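Below is the file final_37.cif, which contains mmCIF, C-alpha atoms and all ligand atoms.
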```cif
data_data
loop_
_atom_site.label_atom_id
_atom_site.label_comp_id
_atom_site.auth_asym_id
_atom_site.auth_seq_id
_atom_site.Cartn_x
_atom_site.Cartn_y
_atom_site.Cartn_z
CA MET A 1 -15.93 -1.91 -15.85
CA GLU A 2 -17.04 -2.19 -12.27
CA SER A 3 -14.02 -2.85 -10.11
CA ALA A 4 -13.99 -6.25 -8.50
CA SER A 5 -13.92 -5.96 -4.72
CA GLN A 6 -13.47 -8.92 -2.41
CA ARG A 7 -13.29 -9.47 1.32
CA ARG A 8 -10.95 -12.09 2.70
CA VAL A 9 -11.64 -12.67 6.39
CA VAL A 10 -9.04 -14.89 8.03
CA ASP A 11 -8.71 -15.95 11.65
CA GLY A 12 -6.02 -13.95 13.41
CA ALA A 13 -3.57 -16.82 13.79
CA ASP A 14 -3.54 -17.55 10.05
CA PHE A 15 -4.00 -14.02 8.76
CA TYR A 16 -0.47 -13.05 7.79
CA ARG A 17 0.32 -16.48 6.39
CA ALA A 18 -2.74 -16.31 4.15
CA VAL A 19 -1.68 -12.88 2.89
CA ALA A 20 1.94 -13.99 2.40
CA GLN A 21 0.88 -17.03 0.40
CA GLN A 22 -1.29 -14.89 -1.87
CA PHE A 23 1.57 -12.37 -2.18
CA VAL A 24 4.01 -14.96 -3.49
CA GLU A 25 1.34 -16.34 -5.86
CA LEU A 26 0.70 -12.86 -7.23
CA ALA A 27 4.42 -12.25 -7.63
CA ALA A 28 4.83 -15.50 -9.58
CA ASP A 29 1.83 -14.63 -11.74
CA ALA A 30 3.29 -11.22 -12.56
CA MET A 31 6.61 -12.85 -13.49
CA ARG A 32 4.83 -15.24 -15.83
CA LYS A 33 2.85 -12.42 -17.40
CA HIS A 34 5.53 -9.78 -17.89
CA GLY A 35 8.76 -10.90 -16.30
CA ARG A 36 8.61 -8.40 -13.44
CA PHE A 37 6.75 -7.92 -10.17
CA ARG A 38 6.22 -4.33 -9.15
CA VAL A 39 4.79 -3.75 -5.69
CA ALA A 40 4.20 -0.67 -3.54
CA LEU A 41 4.51 -1.33 0.19
CA ALA A 42 2.29 0.16 2.87
CA GLY A 43 3.49 1.85 6.01
CA GLY A 44 2.09 1.83 9.51
CA SER A 45 2.16 -1.15 11.87
CA THR A 46 -0.29 -3.60 10.28
CA PRO A 47 1.92 -4.80 7.40
CA LYS A 48 5.05 -5.29 9.53
CA PRO A 49 4.31 -8.95 10.47
CA LEU A 50 3.64 -9.65 6.80
CA TYR A 51 7.02 -8.23 5.82
CA GLU A 52 8.72 -10.20 8.60
CA LEU A 53 7.03 -13.41 7.42
CA LEU A 54 8.06 -12.76 3.80
CA ALA A 55 11.65 -12.42 5.05
CA THR A 56 11.69 -15.87 6.69
CA ARG A 57 13.44 -18.89 5.12
CA GLU A 58 10.00 -20.32 4.37
CA PHE A 59 9.01 -17.44 2.08
CA VAL A 60 12.10 -15.52 1.05
CA ALA A 61 12.91 -17.87 -1.84
CA CYS A 62 9.30 -17.85 -3.07
CA VAL A 63 9.66 -14.38 -4.60
CA ASP A 64 11.97 -13.73 -7.55
CA TRP A 65 13.52 -10.67 -5.93
CA ALA A 66 15.98 -10.28 -8.84
CA HIS A 67 13.00 -9.29 -11.01
CA THR A 68 11.01 -7.43 -8.36
CA GLU A 69 10.78 -3.69 -7.93
CA VAL A 70 9.73 -2.28 -4.57
CA PHE A 71 8.11 1.11 -4.14
CA PHE A 72 6.12 2.78 -1.34
CA SER A 73 2.51 3.99 -1.47
CA ASP A 74 3.25 6.75 1.00
CA GLU A 75 5.91 8.08 3.33
CA ARG A 76 6.31 10.42 6.23
CA CYS A 77 8.59 13.38 5.42
CA VAL A 78 11.32 12.32 7.81
CA PRO A 79 14.82 10.93 7.26
CA PRO A 80 15.04 7.21 6.35
CA ASP A 81 16.51 6.31 9.75
CA ASP A 82 13.73 8.06 11.66
CA ALA A 83 11.51 5.77 13.76
CA ARG A 84 8.47 7.19 11.92
CA SER A 85 9.80 6.29 8.49
CA ASN A 86 7.78 3.71 6.54
CA PHE A 87 10.95 2.89 4.63
CA ARG A 88 12.82 2.16 7.88
CA MET A 89 10.04 -0.16 9.06
CA ALA A 90 9.99 -2.06 5.77
CA ALA A 91 13.78 -2.16 5.55
CA ASP A 92 14.16 -3.59 9.05
CA ALA A 93 11.32 -6.11 8.61
CA LEU A 94 11.93 -7.19 5.02
CA LEU A 95 14.21 -5.30 2.66
CA LYS A 96 17.49 -5.91 4.52
CA HIS A 97 16.75 -9.65 4.44
CA VAL A 98 15.97 -10.26 0.77
CA PRO A 99 18.24 -10.22 -2.33
CA LEU A 100 16.56 -7.19 -3.92
CA PRO A 101 19.02 -5.33 -6.18
CA ALA A 102 19.61 -1.82 -4.79
CA GLU A 103 18.57 -0.19 -8.06
CA GLN A 104 15.18 -1.93 -7.78
CA LEU A 105 14.38 -0.39 -4.41
CA HIS A 106 12.59 2.92 -4.87
CA ARG A 107 12.49 4.88 -1.64
CA MET A 108 10.47 8.08 -1.27
CA ARG A 109 13.01 10.67 -0.12
CA GLY A 110 11.32 11.79 3.09
CA GLU A 111 14.36 13.82 4.04
CA ASP A 112 13.95 16.19 1.09
CA ASP A 113 11.65 19.15 0.55
CA PRO A 114 8.18 17.52 0.18
CA ALA A 115 7.36 19.09 -3.18
CA LEU A 116 10.75 18.17 -4.64
CA ALA A 117 10.55 14.65 -3.20
CA ALA A 118 7.11 14.17 -4.77
CA LEU A 119 8.36 15.47 -8.13
CA SER A 120 11.42 13.22 -8.12
CA TYR A 121 9.29 10.19 -7.16
CA ARG A 122 6.90 10.91 -10.04
CA GLN A 123 9.92 10.98 -12.34
CA GLU A 124 11.28 7.77 -10.82
CA LEU A 125 7.93 6.04 -11.34
CA ALA A 126 7.71 7.22 -14.96
CA ALA A 127 11.23 5.94 -15.64
CA ALA A 128 10.73 2.60 -13.88
CA PHE A 129 7.42 1.93 -15.64
CA ARG A 130 8.59 3.53 -18.90
CA THR A 131 5.31 5.38 -19.16
CA VAL A 132 4.01 8.92 -19.28
CA THR A 133 0.57 7.78 -18.19
CA VAL A 134 -0.35 6.43 -14.77
CA PRO A 135 1.91 3.51 -13.77
CA ARG A 136 0.00 0.26 -13.25
CA PHE A 137 1.36 -1.67 -10.26
CA ASP A 138 0.95 -5.42 -9.98
CA LEU A 139 0.14 -4.84 -6.33
CA ILE A 140 -0.33 -1.85 -4.04
CA LEU A 141 -0.48 -2.67 -0.34
CA LEU A 142 -2.41 -0.29 1.91
CA GLY A 143 -3.58 -0.01 5.49
CA LEU A 144 -6.72 1.52 6.93
CA GLY A 145 -6.54 4.32 9.46
CA GLU A 146 -9.12 4.57 12.24
CA ASN A 147 -10.44 7.74 10.58
CA GLY A 148 -10.86 6.00 7.23
CA HIS A 149 -7.65 7.24 5.60
CA THR A 150 -5.51 5.05 3.43
CA ALA A 151 -1.98 5.69 2.21
CA SER A 152 -1.73 9.35 3.27
CA LEU A 153 -5.08 10.29 1.77
CA PHE A 154 -6.72 11.84 4.82
CA PRO A 155 -10.26 13.21 5.09
CA GLY A 156 -10.78 16.65 3.64
CA THR A 157 -7.24 17.08 2.29
CA ALA A 158 -6.28 18.49 -1.10
CA ALA A 159 -4.55 15.22 -2.01
CA LEU A 160 -7.99 13.60 -2.24
CA ARG A 161 -8.82 15.87 -5.16
CA GLU A 162 -5.59 15.33 -7.11
CA PHE A 163 -6.27 13.76 -10.49
CA LEU A 164 -3.22 14.73 -12.54
CA ARG A 165 -0.17 13.86 -10.48
CA SER A 166 0.58 10.31 -9.31
CA VAL A 167 2.35 11.37 -6.09
CA VAL A 168 1.81 14.57 -4.11
CA PRO A 169 2.98 16.15 -0.86
CA GLN A 170 0.31 16.70 1.78
CA TYR A 171 0.59 18.56 5.08
CA LEU A 172 -1.43 16.95 7.89
CA GLU A 173 -2.54 19.53 10.49
CA ALA A 174 -3.47 16.96 13.15
CA GLN A 175 -0.15 15.12 12.84
CA GLN A 176 1.82 18.35 12.29
CA GLU A 177 3.78 16.62 9.58
CA TRP A 178 4.25 16.47 5.83
CA ARG A 179 3.59 13.26 3.96
CA LEU A 180 4.11 11.98 0.42
CA THR A 181 1.28 9.89 -0.98
CA PHE A 182 0.01 8.05 -4.02
CA THR A 183 -3.13 9.71 -5.30
CA ARG A 184 -6.48 8.20 -6.29
CA PRO A 185 -5.61 7.77 -10.00
CA MET A 186 -2.44 5.95 -8.98
CA LEU A 187 -4.14 3.64 -6.51
CA ASN A 188 -7.02 2.86 -8.86
CA ALA A 189 -4.76 2.08 -11.82
CA ALA A 190 -3.27 -0.97 -10.08
CA HIS A 191 -3.97 -4.54 -11.11
CA GLN A 192 -4.43 -5.42 -7.42
CA VAL A 193 -5.01 -3.21 -4.39
CA TRP A 194 -4.92 -4.95 -1.01
CA VAL A 195 -6.06 -3.19 2.16
CA LEU A 196 -4.91 -4.91 5.35
CA ALA A 197 -6.89 -4.29 8.55
CA CYS A 198 -6.34 -6.19 11.77
CA GLY A 199 -7.60 -6.04 15.31
CA ALA A 200 -10.73 -4.97 17.16
CA ALA A 201 -9.72 -1.30 16.91
CA LYS A 202 -10.41 -1.45 13.14
CA ALA A 203 -13.83 -3.16 13.41
CA GLY A 204 -15.79 0.10 13.58
CA ILE A 205 -14.04 1.87 10.74
CA ALA A 206 -14.06 -1.27 8.58
CA GLN A 207 -17.82 -1.52 8.99
CA ARG A 208 -18.30 2.19 8.16
CA VAL A 209 -16.08 2.04 5.10
CA LEU A 210 -17.40 -1.24 3.74
CA GLU A 211 -21.06 -1.11 4.74
CA GLY A 212 -21.82 2.43 5.89
CA ARG A 213 -22.91 5.53 3.99
CA PHE A 214 -20.83 6.28 0.93
CA GLU A 215 -18.97 9.45 1.94
CA PRO A 216 -15.44 9.17 0.55
CA GLU A 217 -14.43 12.73 1.40
CA VAL A 218 -14.91 11.68 5.04
CA LEU A 219 -13.79 8.07 4.54
CA PRO A 220 -11.10 8.22 1.82
CA ALA A 221 -10.66 4.43 1.70
CA GLN A 222 -14.07 4.40 0.00
CA TYR A 223 -12.41 5.97 -3.06
CA LEU A 224 -10.58 2.69 -3.69
CA ALA A 225 -12.06 1.21 -6.87
CA PRO A 226 -9.43 -0.11 -9.30
CA ALA A 227 -10.93 0.60 -12.74
CA ALA A 228 -9.46 -2.50 -14.36
CA GLY A 229 -8.17 -4.32 -11.33
CA GLN A 230 -9.14 -6.04 -8.14
CA LEU A 231 -9.57 -4.63 -4.63
CA ILE A 232 -9.12 -7.12 -1.81
CA TRP A 233 -9.92 -6.27 1.79
CA TRP A 234 -7.84 -8.54 4.02
CA LEU A 235 -9.42 -8.55 7.47
CA ASP A 236 -8.72 -10.67 10.47
CA ALA A 237 -11.78 -11.92 12.39
CA ALA A 238 -11.50 -9.11 14.96
CA ALA A 239 -11.48 -6.35 12.33
CA ALA A 240 -14.39 -8.02 10.52
CA ALA A 241 -16.44 -8.52 13.69
CA ARG A 242 -19.01 -5.79 12.88
CA LEU A 243 -19.51 -6.66 9.24
CA ALA A 244 -22.75 -8.26 8.09
CA ALA A 245 -22.47 -12.01 7.73
CA VAL A 246 -19.08 -12.78 6.30
CA LYS A 247 -17.44 -16.15 5.92
CA THR A 248 -14.20 -16.49 7.82
CA GLU A 249 -11.71 -18.47 5.76
C1 LIG B 1 1.17 5.33 7.27
C2 LIG B 1 0.26 4.51 6.42
C3 LIG B 1 -1.16 4.67 6.89
C4 LIG B 1 -1.48 3.41 7.66
C5 LIG B 1 -2.75 3.56 8.44
C6 LIG B 1 -2.97 2.34 9.33
O1 LIG B 1 2.09 5.96 6.74
O2 LIG B 1 0.97 5.28 8.49
O3 LIG B 1 0.38 4.72 5.14
O4 LIG B 1 -2.10 4.82 5.86
O5 LIG B 1 -1.60 2.33 6.73
O6 LIG B 1 -2.61 4.72 9.25
O7 LIG B 1 -1.90 2.30 10.23
P1 LIG B 1 -1.71 1.02 11.18
O8 LIG B 1 -1.44 -0.14 10.28
O9 LIG B 1 -0.52 1.37 12.04
O10 LIG B 1 -3.00 0.85 11.95
#
```

As structure tokens:
Amino acid sequence: MESASQRRVVDGADFYRAVAQQFVELAADAMRKHGRFRVALAGGSTPKPLYELLATREFVACVDWAHTEVFFSDERCVPPDDARSNFRMAADALLKHVPLPAEQLHRMRGEDDPALAALSYRQELAAAFRTVTVPRFDLILLGLGENGHTASLFPGTAALREFLRSVVPQYLEAQQEWRLTFTRPMLNAAHQVWVLACGAAKAGIAQRVLEGRFEPEVLPAQYLAPAAGQLIWWLDAAAAARLAAVKTE
């Protein structure tokens, strides 16, 4: 089944509100369908305003946090209080401000040995989803790096060719740091995968990934193709500026 891929282009001022509204709708839909909403958060800077908006009085009561489980699609191998930590960013922007039960918050242990942290997260995922196959998230949030990476799937890295394990450690030479990342099978098993890209700096890479030559080893975000799910590219007008005619919502 060809994965369904959509582009949602929203003017900058309304971008995060549009995403937040869809987020709460998806959460409610997941609750109706199976009584839980399981989401993997993205790191980096793009999703932070979304998390902050979801933590406001306007939105915080729109998600049934008591039946939500929060995971991360990747993490830097640093302690949770490190400024580089994706967990710290999400905790400060969102998780400290919502009534999510502690046992439903699944942090990647960036402070541990990368291989052991990846192993323990795979075990945590299997236990939380009660499955020995690939866990199917209701939603995986991702960003888009200016080199075409997503999660911590960077061009030319071994993690791109991982098909058995759901989470792996990956050393990044350029960044001189270890990361933990969801792998392609994990990302493409999700019911919904949302890639958020904002700002003029992402216009070039968005055009290459979405409309350029198909070269996923160079542009890993091109590997995103949920087999039985939906891929939505959320772009603000600036990030979509170089795309062929698209309708701005
Ligand atoms: C990370 C993210 C990474 C990020 C992109 C975009 O750990 O940094 O997982 O994939 O989403 O690098 O980052 P920005 O949103 O900061 O542009």

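Of the listed residues A:Val24, A:Ala206, A:Ala158, A:Leu119, the one whose atoms come nearest to ligand LIG 1 (chain B) is A:Ala206, with distances taken using only C-alpha atoms and all ligand atoms.
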
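Put simply, atom O8 of ligand LIG 1 (chain B) is 22.9 Å away from CA of Tyr121 (chain A).
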
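Atom pair CA of Leu210 (chain A) / CA of Leu50 (chain A): separated by 22.9 Å.
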
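For the pair CA of Phe72 (chain A) and atom C1 of ligand LIG 1 (chain B), the separation is 10.3 Å.
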
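Of the listed residues (A:Arg57, A:Arg165, A:Arg179, A:Arg136), A:Arg179 comes nearest to Asp113 (chain A); the distances count all atoms listed in the file.
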
List as a PyMOL selection string the protein and nucleic acid residues near region 109-111 of chain A, meaning an atom at most 12 Å away when only C-alpha atoms are counted, but skip any in the same chain fewer than 5 places from it.
chain A and resi 71-72+74-82+84-88+116-122+124+169+177-181

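The smallest atom-to-atom distance between ligand LIG 1 (chain B) and any of A:Leu196, A:Leu243, A:Leu94, A:Val218, using all atoms listed in the file, is found for A:Leu196.
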
Around all the atoms of region 147-160 of chain A listed in the file, with 5 Å of room on each side, what axis-aligned box do you get, giving centre and edge lengths in Å to one decimal, as JSON?
```
{"center_x": -6.3, "center_y": 11.8, "center_z": 4.2, "size_x": 19.1, "size_y": 23.4, "size_z": 22.8}
```

Around ligand LIG 1 (chain B), at most 8 Å away and counting all atoms listed in the file, which residues are there? Put them as a ChimeraX atom specification, please.
/A:42-47,73-76,85-86,142-146,149-153,179,196-198,202

Residues near Lys247 (chain A), anyone? I mean within 10 Å using only C-alpha atoms, not counting same-chain ones fewer than 5 positions away, as a PDB file with C-alpha atoms, in the frame of the given file.
```pdb
ATOM      1  CA  ARG A   7     -13.290  -9.470   1.320  1.00  0.00           C
ATOM      2  CA  ARG A   8     -10.950 -12.090   2.700  1.00  0.00           C
ATOM      3  CA  VAL A   9     -11.640 -12.670   6.390  1.00  0.00           C
ATOM      4  CA  VAL A  10      -9.040 -14.890   8.030  1.00  0.00           C
ATOM      5  CA  ALA A 237     -11.780 -11.920  12.390  1.00  0.00           C
ATOM      6  CA  ALA A 240     -14.390  -8.020  10.520  1.00  0.00           C
TER       7      ALA A 240
END
```

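Checking A:Gln170, A:Thr68, A:Gln22, A:Gln230 one by one against Thr183 (chain A), counting only C-alpha atoms, you find the shortest gap at A:Gln170.
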
Write region 214-225 of chain A as an mmCIF file, in the coordinates of the input, completed to all heavy atoms.
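The result, written out as out-v3.cif:
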```cif
data_model
loop_
_atom_site.group_PDB
_atom_site.id
_atom_site.type_symbol
_atom_site.label_atom_id
_atom_site.label_comp_id
_atom_site.auth_asym_id
_atom_site.auth_seq_id
_atom_site.Cartn_x
_atom_site.Cartn_y
_atom_site.Cartn_z
ATOM 1 N N PHE A 214 -21.944 5.986 1.837
ATOM 2 C CA PHE A 214 -20.830 6.280 0.930
ATOM 3 C C PHE A 214 -20.497 7.766 1.046
ATOM 4 O O PHE A 214 -21.251 8.624 0.576
ATOM 5 C CB PHE A 214 -21.200 5.932 -0.517
ATOM 6 C CG PHE A 214 -20.058 6.128 -1.490
ATOM 7 C CD1 PHE A 214 -18.926 5.315 -1.410
ATOM 8 C CD2 PHE A 214 -20.086 7.131 -2.443
ATOM 9 C CE1 PHE A 214 -17.857 5.486 -2.300
ATOM 10 C CE2 PHE A 214 -19.024 7.328 -3.317
ATOM 11 C CZ PHE A 214 -17.908 6.503 -3.251
ATOM 12 N N GLU A 215 -19.398 8.059 1.722
ATOM 13 C CA GLU A 215 -18.970 9.450 1.940
ATOM 14 C C GLU A 215 -17.450 9.515 1.883
ATOM 15 O O GLU A 215 -16.779 9.708 2.918
ATOM 16 C CB GLU A 215 -19.479 9.941 3.299
ATOM 17 C CG GLU A 215 -19.302 8.991 4.453
ATOM 18 C CD GLU A 215 -19.917 9.519 5.765
ATOM 19 O OE1 GLU A 215 -20.272 10.715 5.819
ATOM 20 O OE2 GLU A 215 -20.009 8.721 6.717
ATOM 21 N N PRO A 216 -16.892 9.333 0.697
ATOM 22 C CA PRO A 216 -15.440 9.170 0.550
ATOM 23 C C PRO A 216 -14.619 10.385 0.953
ATOM 24 O O PRO A 216 -13.456 10.242 1.339
ATOM 25 C CB PRO A 216 -15.248 8.839 -0.917
ATOM 26 C CG PRO A 216 -16.486 9.307 -1.595
ATOM 27 C CD PRO A 216 -17.588 9.195 -0.593
ATOM 28 N N GLU A 217 -15.215 11.576 0.919
ATOM 29 C CA GLU A 217 -14.430 12.730 1.400
ATOM 30 C C GLU A 217 -14.156 12.604 2.897
ATOM 31 O O GLU A 217 -13.156 13.098 3.405
ATOM 32 C CB GLU A 217 -15.198 14.031 1.129
ATOM 33 C CG GLU A 217 -15.053 14.532 -0.296
ATOM 34 C CD GLU A 217 -13.622 14.922 -0.661
ATOM 35 O OE1 GLU A 217 -13.025 15.744 0.055
ATOM 36 O OE2 GLU A 217 -13.082 14.342 -1.627
ATOM 37 N N VAL A 218 -15.074 11.895 3.594
ATOM 38 C CA VAL A 218 -14.910 11.680 5.040
ATOM 39 C C VAL A 218 -14.149 10.384 5.295
ATOM 40 O O VAL A 218 -13.379 10.282 6.245
ATOM 41 C CB VAL A 218 -16.312 11.607 5.706
ATOM 42 C CG1 VAL A 218 -16.204 11.286 7.188
ATOM 43 C CG2 VAL A 218 -17.076 12.907 5.492
ATOM 44 N N LEU A 219 -14.397 9.403 4.412
ATOM 45 C CA LEU A 219 -13.790 8.070 4.540
ATOM 46 C C LEU A 219 -13.014 7.767 3.266
ATOM 47 O O LEU A 219 -13.476 7.028 2.392
ATOM 48 C CB LEU A 219 -14.882 7.014 4.769
ATOM 49 C CG LEU A 219 -15.797 7.222 5.974
ATOM 50 C CD1 LEU A 219 -16.966 6.226 5.935
ATOM 51 C CD2 LEU A 219 -15.014 7.093 7.280
ATOM 52 N N PRO A 220 -11.828 8.340 3.107
ATOM 53 C CA PRO A 220 -11.100 8.220 1.820
ATOM 54 C C PRO A 220 -10.890 6.804 1.315
ATOM 55 O O PRO A 220 -10.835 6.603 0.097
ATOM 56 C CB PRO A 220 -9.755 8.898 2.130
ATOM 57 C CG PRO A 220 -10.096 9.925 3.183
ATOM 58 C CD PRO A 220 -11.123 9.245 4.051
ATOM 59 N N ALA A 221 -10.832 5.815 2.177
ATOM 60 C CA ALA A 221 -10.660 4.430 1.700
ATOM 61 C C ALA A 221 -11.811 4.008 0.798
ATOM 62 O O ALA A 221 -11.676 3.086 -0.013
ATOM 63 C CB ALA A 221 -10.525 3.465 2.874
ATOM 64 N N GLN A 222 -12.949 4.731 0.884
ATOM 65 C CA GLN A 222 -14.070 4.400 0.000
ATOM 66 C C GLN A 222 -13.807 4.803 -1.454
ATOM 67 O O GLN A 222 -14.515 4.385 -2.363
ATOM 68 C CB GLN A 222 -15.351 5.080 0.492
ATOM 69 C CG GLN A 222 -15.915 4.472 1.771
ATOM 70 C CD GLN A 222 -17.236 5.107 2.190
ATOM 71 O OE1 GLN A 222 -17.502 6.273 1.859
ATOM 72 N NE2 GLN A 222 -18.041 4.354 2.924
ATOM 73 N N TYR A 223 -12.757 5.607 -1.675
ATOM 74 C CA TYR A 223 -12.410 5.970 -3.060
ATOM 75 C C TYR A 223 -11.711 4.821 -3.789
ATOM 76 O O TYR A 223 -11.498 4.886 -4.989
ATOM 77 C CB TYR A 223 -11.482 7.194 -3.056
ATOM 78 C CG TYR A 223 -12.210 8.528 -3.070
ATOM 79 C CD1 TYR A 223 -11.861 9.532 -2.165
ATOM 80 C CD2 TYR A 223 -13.232 8.811 -3.975
ATOM 81 C CE1 TYR A 223 -12.509 10.769 -2.172
ATOM 82 C CE2 TYR A 223 -13.884 10.035 -3.996
ATOM 83 C CZ TYR A 223 -13.518 11.015 -3.083
ATOM 84 O OH TYR A 223 -14.155 12.232 -3.090
ATOM 85 N N LEU A 224 -11.310 3.807 -3.048
ATOM 86 C CA LEU A 224 -10.580 2.690 -3.690
ATOM 87 C C LEU A 224 -11.518 1.906 -4.588
ATOM 88 O O LEU A 224 -12.498 1.312 -4.121
ATOM 89 C CB LEU A 224 -9.968 1.778 -2.618
ATOM 90 C CG LEU A 224 -8.882 2.414 -1.748
ATOM 91 C CD1 LEU A 224 -8.469 1.438 -0.643
ATOM 92 C CD2 LEU A 224 -7.678 2.799 -2.612
ATOM 93 N N ALA A 225 -11.215 1.932 -5.892
ATOM 94 C CA ALA A 225 -12.060 1.210 -6.870
ATOM 95 C C ALA A 225 -11.221 1.028 -8.136
ATOM 96 O O ALA A 225 -11.381 1.777 -9.108
ATOM 97 C CB ALA A 225 -13.327 1.993 -7.172
#
```
